[in-house]
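Engineer: See coords-v3.txt below, with compact mmCIF, C-alpha atoms and all ligand atoms.
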# COMPACT_ATOMS: atom_id res chain seq x y z
CA MET A 281 77.46 42.71 100.51
CA THR A 282 78.04 42.84 104.26
CA LEU A 283 75.47 44.26 106.64
CA ALA A 284 78.28 45.34 108.99
CA ARG A 285 78.63 49.00 109.99
CA ILE A 286 80.61 50.72 112.73
CA ALA A 287 80.85 54.23 114.15
CA LEU A 288 82.91 55.56 117.06
CA HIS A 289 83.14 58.92 118.79
CA GLY A 290 85.65 60.44 121.17
CA GLY A 291 83.57 63.44 122.24
CA ALA A 292 82.22 66.65 120.73
CA GLY A 293 82.78 70.33 121.46
CA VAL A 294 84.62 73.45 120.40
CA ILE A 295 87.36 71.52 118.65
CA ASP A 296 89.20 73.63 116.09
CA ARG A 297 92.44 73.31 114.12
CA GLN A 298 94.08 76.32 115.69
CA HIS A 299 93.81 75.10 119.25
CA LEU A 300 94.30 71.40 118.62
CA GLY A 301 97.51 71.87 116.62
CA PRO A 302 98.91 69.47 114.02
CA GLU A 303 100.70 67.18 116.45
CA ARG A 304 97.70 66.49 118.70
CA GLU A 305 95.42 66.29 115.68
CA ALA A 306 97.62 63.55 114.22
CA ARG A 307 97.55 61.64 117.51
CA TYR A 308 93.76 61.77 117.69
CA ARG A 309 93.38 60.71 114.08
CA GLY A 310 95.87 57.88 114.55
CA GLU A 311 94.13 56.49 117.62
CA LEU A 312 90.66 56.74 116.10
CA GLN A 313 91.91 55.01 112.94
CA ARG A 314 93.61 52.23 114.93
CA ILE A 315 90.62 51.53 117.17
CA ALA A 316 88.04 51.71 114.37
CA ALA A 317 90.14 49.40 112.17
CA ALA A 318 90.32 46.81 114.97
CA ALA A 319 86.56 47.03 115.53
CA TRP A 320 85.86 46.73 111.81
CA ALA A 321 88.13 43.70 111.49
CA ARG A 322 86.21 41.99 114.30
CA LEU A 323 82.86 42.75 112.66
CA GLU A 324 84.08 41.46 109.31
CA THR A 325 85.15 38.19 110.86
CA GLY A 326 81.71 37.62 112.37
CA ALA A 327 81.88 39.13 115.88
CA SER A 328 78.57 40.30 117.33
CA ALA A 329 77.72 44.00 117.43
CA LEU A 330 77.54 43.73 121.23
CA ASP A 331 81.07 42.32 121.55
CA VAL A 332 82.46 44.85 119.10
CA VAL A 333 81.01 47.96 120.79
CA GLU A 334 82.33 46.70 124.12
CA SER A 335 85.85 46.08 122.83
CA ALA A 336 85.94 49.38 120.90
CA VAL A 337 84.91 51.35 123.97
CA ARG A 338 87.43 49.44 126.07
CA ASP A 339 90.15 50.47 123.59
CA LEU A 340 88.97 54.09 123.79
CA GLU A 341 88.93 53.92 127.61
CA ASN A 342 92.50 52.67 127.54
CA CYS A 343 93.63 55.62 125.42
CA PRO A 344 94.51 58.61 127.66
CA LEU A 345 93.53 61.12 124.96
CA PHE A 346 89.88 60.54 125.79
CA ASN A 347 87.76 61.25 128.85
CA ALA A 348 87.08 57.69 129.94
CA GLY A 349 89.05 55.11 131.89
CA HIS A 350 92.73 56.08 132.29
CA GLY A 351 92.85 59.83 131.65
CA ALA A 352 89.24 60.55 132.64
CA VAL A 353 88.37 63.95 134.14
CA LEU A 354 88.26 64.64 137.88
CA ASN A 355 85.33 65.67 140.05
CA HIS A 356 85.49 68.56 142.55
CA ASP A 357 87.21 66.33 145.10
CA GLY A 358 89.91 65.24 142.63
CA VAL A 359 88.36 61.80 142.24
CA VAL A 360 87.51 60.01 138.97
CA GLU A 361 83.85 58.91 138.95
CA GLN A 362 82.97 56.99 135.82
CA ASP A 363 79.71 56.36 134.00
CA ALA A 364 79.21 53.71 131.31
CA ALA A 365 76.43 51.80 129.56
CA ILE A 366 76.00 49.11 126.94
CA MET A 367 72.83 47.98 125.17
CA ASP A 368 72.01 45.01 122.95
CA GLY A 369 69.44 45.79 120.26
CA ARG A 370 68.27 42.19 119.96
CA GLN A 371 66.14 42.23 123.08
CA ARG A 372 66.97 45.65 124.56
CA ALA A 373 69.13 44.04 127.23
CA ALA A 374 71.21 46.69 128.97
CA GLY A 375 73.89 47.14 131.62
CA ALA A 376 75.03 50.41 133.16
CA VAL A 377 77.26 51.74 135.91
CA ALA A 378 77.38 55.24 137.40
CA ALA A 379 79.95 56.99 139.60
CA ALA A 380 82.14 53.87 139.66
CA LEU A 381 85.48 54.42 141.35
CA ARG A 382 87.58 51.35 140.73
CA PRO A 383 86.80 49.18 137.69
CA ARG A 384 89.72 49.59 135.31
CA ASN A 385 87.34 49.42 132.36
CA PRO A 386 83.86 50.61 133.36
CA ILE A 387 82.40 49.29 130.10
CA ALA A 388 83.49 45.76 131.08
CA LEU A 389 81.49 46.13 134.29
CA ALA A 390 78.46 47.44 132.37
CA ARG A 391 78.71 44.40 130.09
CA ARG A 392 78.89 42.11 133.12
CA ILE A 393 75.73 43.70 134.52
CA LEU A 394 74.01 43.15 131.16
CA ASP A 395 75.10 39.50 131.04
CA ASP A 396 74.05 38.95 134.66
CA GLY A 397 70.59 40.15 133.72
CA GLN A 398 69.21 40.77 137.18
CA HIS A 399 69.57 44.56 137.21
CA VAL A 400 70.26 47.26 134.64
CA MET A 401 72.29 49.80 136.65
CA LEU A 402 74.60 49.78 139.66
CA VAL A 403 76.15 52.88 141.23
CA GLY A 404 79.15 54.01 143.29
CA PRO A 405 80.99 51.80 145.76
CA ASN A 406 78.37 49.06 145.43
CA ALA A 407 79.10 48.86 141.71
CA ASP A 408 82.76 48.43 142.70
CA ARG A 409 81.77 45.63 145.07
CA PHE A 410 79.92 43.86 142.29
CA ALA A 411 82.98 44.26 140.05
CA GLU A 412 85.09 42.63 142.74
CA SER A 413 82.67 39.72 143.14
CA CYS A 414 82.78 39.10 139.37
CA GLY A 415 86.55 39.31 139.09
CA ILE A 416 86.42 42.46 136.91
CA PRO A 417 89.94 44.01 137.09
CA ARG A 418 90.03 46.97 139.51
CA VAL A 419 92.64 49.62 140.21
CA ASP A 420 93.15 52.30 142.80
CA ASN A 421 91.30 55.47 141.79
CA THR A 422 94.64 57.33 141.46
CA TRP A 423 95.57 54.99 138.56
CA PHE A 424 93.09 56.87 136.35
CA ILE A 425 94.56 60.28 137.12
CA THR A 426 96.94 61.97 134.67
CA PRO A 427 98.88 65.24 135.28
CA ASP A 428 96.87 66.94 132.51
CA ARG A 429 93.62 66.15 134.27
CA GLN A 430 94.94 67.44 137.58
CA ALA A 431 95.95 70.73 135.93
CA GLN A 432 92.53 70.92 134.27
CA LEU A 433 90.80 70.50 137.64
CA GLU A 434 92.97 73.12 139.30
CA MET A 435 92.10 75.60 136.55
CA ALA A 436 88.39 74.82 136.77
CA ARG A 437 88.46 75.18 140.56
CA ALA A 438 90.34 78.50 140.32
CA GLU A 439 87.76 79.80 137.86
CA GLY A 440 84.91 78.38 139.92
CA ARG A 441 83.38 76.54 136.99
CA VAL A 442 82.30 73.06 136.07
CA SER A 443 83.82 72.31 132.69
CA LEU A 444 83.66 69.67 130.05
CA ASP A 445 86.58 67.96 128.40
CA HIS A 446 89.17 68.93 125.72
CA ASP A 447 89.42 72.35 127.31
CA GLN A 448 93.18 72.82 126.69
CA HIS A 449 92.84 76.44 125.58
CA ALA A 450 90.83 77.15 128.68
CA GLY A 451 91.91 80.68 129.57
CA PRO A 452 89.29 82.67 131.44
CA ALA A 453 86.40 81.58 129.24
CA PRO A 454 83.03 83.25 129.86
CA VAL A 455 80.65 81.27 132.04
CA THR A 456 76.97 80.81 131.26
CA ALA A 457 74.14 81.13 133.76
CA SER A 458 74.29 77.36 134.26
CA GLY A 459 77.94 77.63 135.31
CA HIS A 460 79.39 76.09 132.16
CA SER A 461 81.81 77.60 129.72
CA PRO A 462 80.68 77.80 126.09
CA ASP A 463 84.33 77.05 125.35
CA ASP A 464 83.97 73.58 126.81
CA LYS A 465 84.76 70.42 124.90
CA ARG A 466 83.98 66.82 125.63
CA GLY A 467 85.91 63.59 125.39
CA THR A 468 83.36 60.98 126.25
CA VAL A 469 83.71 57.85 124.11
CA GLY A 470 81.14 55.69 122.38
CA ALA A 471 80.57 53.04 119.74
CA VAL A 472 77.60 51.80 117.73
CA ALA A 473 77.61 48.80 115.41
CA ARG A 474 75.48 46.64 113.14
CA ASP A 475 76.86 43.14 112.72
CA ALA A 476 76.73 40.70 109.81
CA HIS A 477 73.37 39.40 111.09
CA GLY A 478 71.86 42.88 111.20
CA HIS A 479 71.87 43.18 115.00
CA LEU A 480 72.51 46.57 116.58
CA ALA A 481 74.38 47.55 119.78
CA ALA A 482 75.60 50.73 121.49
CA ALA A 483 78.11 51.53 124.25
CA THR A 484 79.22 54.78 125.92
CA SER A 485 81.76 55.58 128.65
CA THR A 486 82.85 58.81 130.35
CA GLY A 487 84.41 60.53 133.32
CA GLY A 488 81.73 63.22 132.91
CA MET A 489 82.66 66.82 133.64
CA THR A 490 85.73 68.37 135.24
CA ASN A 491 85.00 69.75 138.72
CA LYS A 492 81.54 68.15 138.69
CA ARG A 493 79.77 67.76 142.00
CA PRO A 494 80.63 64.35 143.49
CA GLY A 495 77.77 61.99 142.71
CA ARG A 496 76.71 63.80 139.54
CA VAL A 497 75.58 61.37 136.84
CA GLY A 498 75.43 62.41 133.18
CA ASP A 499 73.47 61.08 130.22
CA SER A 500 76.01 58.45 129.11
CA PRO A 501 74.94 55.62 131.45
CA LEU A 502 71.23 56.42 131.26
CA ILE A 503 69.49 54.01 128.92
CA GLY A 504 67.41 56.06 126.49
CA ALA A 505 69.41 59.27 127.06
CA GLY A 506 73.08 58.82 126.08
CA THR A 507 72.89 55.15 125.07
CA TRP A 508 70.21 53.22 123.16
CA ALA A 509 69.85 50.18 120.87
CA ASP A 510 66.83 48.44 119.37
CA ASP A 511 67.20 46.16 116.34
CA ALA A 512 63.88 47.43 114.98
CA THR A 513 65.00 51.03 114.73
CA VAL A 514 68.40 52.42 115.71
CA CYS A 515 71.46 52.33 117.98
CA VAL A 516 72.76 55.61 119.43
CA SER A 517 75.69 56.82 121.54
CA ALA A 518 75.66 60.51 122.47
CA THR A 519 78.21 63.03 123.68
CA GLY A 520 77.56 66.52 124.90
CA HIS A 521 76.29 68.54 127.79
CA GLY A 522 74.71 65.65 129.67
CA GLU A 523 72.05 67.53 131.57
CA TYR A 524 70.41 68.60 128.28
CA PHE A 525 70.77 65.15 126.73
CA ILE A 526 69.01 63.67 129.77
CA ARG A 527 66.17 66.18 129.62
CA CYS A 528 65.73 65.50 125.88
CA VAL A 529 65.96 61.69 126.35
CA VAL A 530 68.00 61.79 123.16
CA GLY A 531 68.47 58.11 122.31
CA HIS A 532 64.89 57.10 122.95
CA ASP A 533 63.46 60.16 121.24
CA ILE A 534 65.34 59.25 118.05
CA HIS A 535 63.99 55.70 118.37
CA ALA A 536 60.42 56.93 118.95
CA ARG A 537 60.50 59.33 116.01
CA ILE A 538 61.51 56.42 113.75
CA ALA A 539 59.23 53.80 115.33
CA TYR A 540 56.06 55.81 115.85
CA GLY A 541 56.57 58.88 113.69
CA GLY A 542 57.90 57.13 110.60
CA GLN A 543 60.82 59.56 110.37
CA ASP A 544 64.06 58.63 108.68
CA LEU A 545 67.31 58.65 110.65
CA ARG A 546 68.47 62.05 109.43
CA SER A 547 65.22 63.86 110.28
CA ALA A 548 64.94 62.11 113.65
CA CYS A 549 68.51 62.98 114.71
CA GLY A 550 68.18 66.53 113.36
CA ALA A 551 64.96 67.19 115.25
CA VAL A 552 66.37 65.85 118.52
CA LEU A 553 69.65 67.78 118.29
CA ASP A 554 67.65 70.92 117.41
CA ARG A 555 65.69 70.45 120.61
CA VAL A 556 68.91 70.02 122.63
CA ALA A 557 70.22 73.24 121.06
CA ALA A 558 66.97 75.11 121.68
CA MET A 559 67.28 74.29 125.37
CA GLY A 560 70.87 75.60 125.41
CA GLY A 561 72.85 72.37 125.10
CA ASP A 562 75.30 71.22 122.50
CA GLY A 563 77.07 68.05 121.46
CA GLY A 564 76.56 65.23 119.03
CA LEU A 565 75.85 61.57 118.55
CA ILE A 566 76.61 58.55 116.41
CA ALA A 567 73.77 56.39 115.11
CA ILE A 568 73.18 53.41 112.86
CA ALA A 569 69.65 52.69 111.69
CA ALA A 570 68.20 49.22 111.21
CA ASN A 571 68.44 49.82 107.43
CA GLY A 572 72.21 50.35 107.73
CA GLU A 573 72.30 54.13 107.43
CA VAL A 574 75.19 55.61 109.44
CA LEU A 575 74.97 59.18 110.76
CA LEU A 576 77.32 61.22 112.97
CA PRO A 577 75.63 64.62 113.49
CA PHE A 578 76.73 67.31 115.96
CA ASN A 579 75.84 70.92 116.68
CA SER A 580 79.22 71.83 118.16
CA ALA A 581 82.34 72.86 116.20
CA GLY A 582 83.76 69.37 116.04
CA MET A 583 83.45 65.77 117.13
CA TYR A 584 86.17 63.12 117.18
CA ARG A 585 84.75 60.35 115.05
CA ALA A 586 85.43 57.34 112.83
CA TRP A 587 83.08 55.15 110.85
CA VAL A 588 82.56 52.56 108.14
CA ALA A 589 79.29 52.89 106.20
CA ALA A 590 77.89 50.91 103.25
CA ASP A 591 80.92 51.51 101.00
CA GLY A 592 83.23 49.67 103.44
CA VAL A 593 85.68 52.61 103.64
CA LEU A 594 87.05 53.58 107.06
CA ARG A 595 86.86 57.34 107.58
CA VAL A 596 88.19 59.50 110.40
CA ALA A 597 87.13 63.10 110.98
CA ILE A 598 87.38 65.75 113.69
CA TYR A 599 86.12 69.12 112.49
CA GLY A 600 82.81 70.18 111.05
CA ASP A 601 84.28 70.59 107.57
CA ASP A 602 86.53 67.56 107.12
CA ASP A 603 84.10 64.74 106.26
N1 LIG A 701 77.76 63.58 128.11
C1 LIG A 701 78.82 63.53 129.08
C2 LIG A 701 78.30 63.94 130.42
O1 LIG A 701 77.55 64.90 130.50
C3 LIG A 701 79.96 64.41 128.75
C4 LIG A 701 80.53 64.23 127.40
O2 LIG A 701 79.86 63.81 126.46
O3 LIG A 701 81.73 64.50 127.26
O4 LIG A 701 78.70 63.35 131.39
Go ahead and express the file in the form of structure tokens.
Ligand code: ASP
Structural biologist:
Amino acid sequence: MTLARIALHGGAGVIDRQHLGPEREARYRGELQRIAAAAWARLETGASALDVVESAVRDLENCPLFNAGHGAVLNHDGVVEQDAAIMDGRQRAAGAVAAALRPRNPIALARRILDDGQHVMLVGPNADRFAESCGIPRVDNTWFITPDRQAQLEMARAEGRVSLDHDQHAGPAPVTASGHSPDDKRGTVGAVARDAHGHLAAATSTGGMTNKRPGRVGDSPLIGAGTWADDATVCVSATGHGEYFIRCVVGHDIHARIAYGGQDLRSACGAVLDRVAAMGGDGGLIAIAANGEVLLPFNSAGMYRAWVAADGVLRVAIYGDDD
């Protein structure tokens, strides 16, 4: 029996049938199915977990339905600033990029930083410079921008709020003390995998939050917060209200609960998401434990997700009740 496992997410939030509608729902399901099937095929033919999470996240970045790469959300200035990270569970090697403006696929730049090995994270225009020096394909920032995202920014600006993704039924949603709408949804993308040799890897990529302050960095590119992998314990990619996920150090806390506390994956993830919720944040994560257990928990209404667990069956789900 194969050791291979895969899980993907395309963001969590207040995602419900009524507002998504059958046509959009079918598009999301179709894209998740297509990308997960390609990732699974690679794993089954012996690709490493690291290569598979990179290629799966690149496919998700290339899909405009999600908040990463082409179709990512805009900051207050109407600019796309992208965060991404990738981690190899074999030796905890990691590469990350924050507030990148030009790499066409931010996850490819994160992978290049990992392979280079000198640093873990590069930010802003200097990350773009490194991309150029490595021959990573770059585009003008306007290439990432879609009309939907421009409309989303205009609405967020008009309402004076910083919002998260998948907010199509925006309307004048109530705003919390922190300036965020409880109606917000997120479209960050991520992948975790265990390969045929039992190695773990994780990758995450996002445009962050609509109307965010220029220079804001979320949890996704922060090793130990939104992205984590260690062969001895677990690989994790998170999605949610980044500020809370940073303060809860979500990925590393799950690792620590397993490594030092002897918790199983379900209790570790549950305890960490409970802490995020207790602080006022919401979202979800995908995780694969060293023993092969696959978990995709979230404390929001829905999370775009696809996975293959021990039974080898590819599953796609969106809402809280359709697993
Ligand atoms: N966690 C991301 C951030 O705060 C947003 C998301 O998951 O959609 O940047």
Engineer: Between A:Trp320, A:Tyr599, A:Tyr308, A:Phe578, single out the one closest to ligand LIG 701 (chain A), counting only C-alpha atoms and all ligand atoms.
Structural biologist: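 Among the listed residues, the smallest separation from ligand LIG 701 (chain A) belongs to A:Phe578.
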Engineer: Skipping near chain neighbours, those fewer than 6 positions away, what residues fall within 12 Å of Asp408 of chain A using only C-alpha atoms, listed as a VMD selection string?
Structural biologist: chain A and resid 361 to 362 377 to 386 388 to 390 393 402 414 to 421
Engineer: Include C-alpha atoms and write out the residues we just selected as a PDB file, keeping the file's coordinate frame.
Structural biologist:
ATOM      1  CA  GLU A 361      83.850  58.910 138.950  1.00  0.00           C
ATOM      2  CA  GLN A 362      82.970  56.990 135.820  1.00  0.00           C
ATOM      3  CA  VAL A 377      77.260  51.740 135.910  1.00  0.00           C
ATOM      4  CA  ALA A 378      77.380  55.240 137.400  1.00  0.00           C
ATOM      5  CA  ALA A 379      79.950  56.990 139.600  1.00  0.00           C
ATOM      6  CA  ALA A 380      82.140  53.870 139.660  1.00  0.00           C
ATOM      7  CA  LEU A 381      85.480  54.420 141.350  1.00  0.00           C
ATOM      8  CA  ARG A 382      87.580  51.350 140.730  1.00  0.00           C
ATOM      9  CA  PRO A 383      86.800  49.180 137.690  1.00  0.00           C
ATOM     10  CA  ARG A 384      89.720  49.590 135.310  1.00  0.00           C
ATOM     11  CA  ASN A 385      87.340  49.420 132.360  1.00  0.00           C
ATOM     12  CA  PRO A 386      83.860  50.610 133.360  1.00  0.00           C
ATOM     13  CA  ALA A 388      83.490  45.760 131.080  1.00  0.00           C
ATOM     14  CA  LEU A 389      81.490  46.130 134.290  1.00  0.00           C
ATOM     15  CA  ALA A 390      78.460  47.440 132.370  1.00  0.00           C
ATOM     16  CA  ILE A 393      75.730  43.700 134.520  1.00  0.00           C
ATOM     17  CA  LEU A 402      74.600  49.780 139.660  1.00  0.00           C
ATOM     18  CA  CYS A 414      82.780  39.100 139.370  1.00  0.00           C
ATOM     19  CA  GLY A 415      86.550  39.310 139.090  1.00  0.00           C
ATOM     20  CA  ILE A 416      86.420  42.460 136.910  1.00  0.00           C
ATOM     21  CA  PRO A 417      89.940  44.010 137.090  1.00  0.00           C
ATOM     22  CA  ARG A 418      90.030  46.970 139.510  1.00  0.00           C
ATOM     23  CA  VAL A 419      92.640  49.620 140.210  1.00  0.00           C
ATOM     24  CA  ASP A 420      93.150  52.300 142.800  1.00  0.00           C
ATOM     25  CA  ASN A 421      91.300  55.470 141.790  1.00  0.00           C
TER      26      ASN A 421
END
Engineer: Please identify the residues whose atoms come within 6 Å of ligand LIG 701 (chain A), using only C-alpha atoms and all ligand atoms, and report them as a ChimeraX atom specification.
Structural biologist: /A:291,466-468,488-489,498-500,519-522
Engineer: So, with all atoms listed in the file as the atoms that count, which of A:Met559, A:Val469, A:Val574, A:Ala316 lies closest to Val514 of chain A?
Structural biologist: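 The closest residue to Val514 of chain A is A:Val574.
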Engineer: Could you check the closest approach to Leu394 of chain A for each of A:Gly592, A:Val337, A:Asp331, A:Thr422 and tell me which residue wins, using only C-alpha atoms?
Structural biologist: A:Asp331
Engineer: So the first atom is atom CA of Asp396 of chain A and the second is atom CA of Ile366 of chain A; what is the distance between them in Å, to one decimal place?
Structural biologist: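 Atom CA of Ile366 of chain A lies 12.9 Å from atom CA of Asp396 of chain A.
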Engineer: Pick the closest to Gly563 of chain A from A:Ala292, A:Val588, A:Ala431, A:Ile538: which is it, counting all atoms listed in the file?
Structural biologist: A:Ala292
Engineer: Which is closest to Arg437 of chain A among A:Arg391, A:His535, A:Arg409, A:Arg493, if we use only C-alpha atoms?
Structural biologist: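 Checking each of A:Arg391, A:His535, A:Arg409, A:Arg493 against Arg437 of chain A, counting only C-alpha atoms, the winner is A:Arg493.
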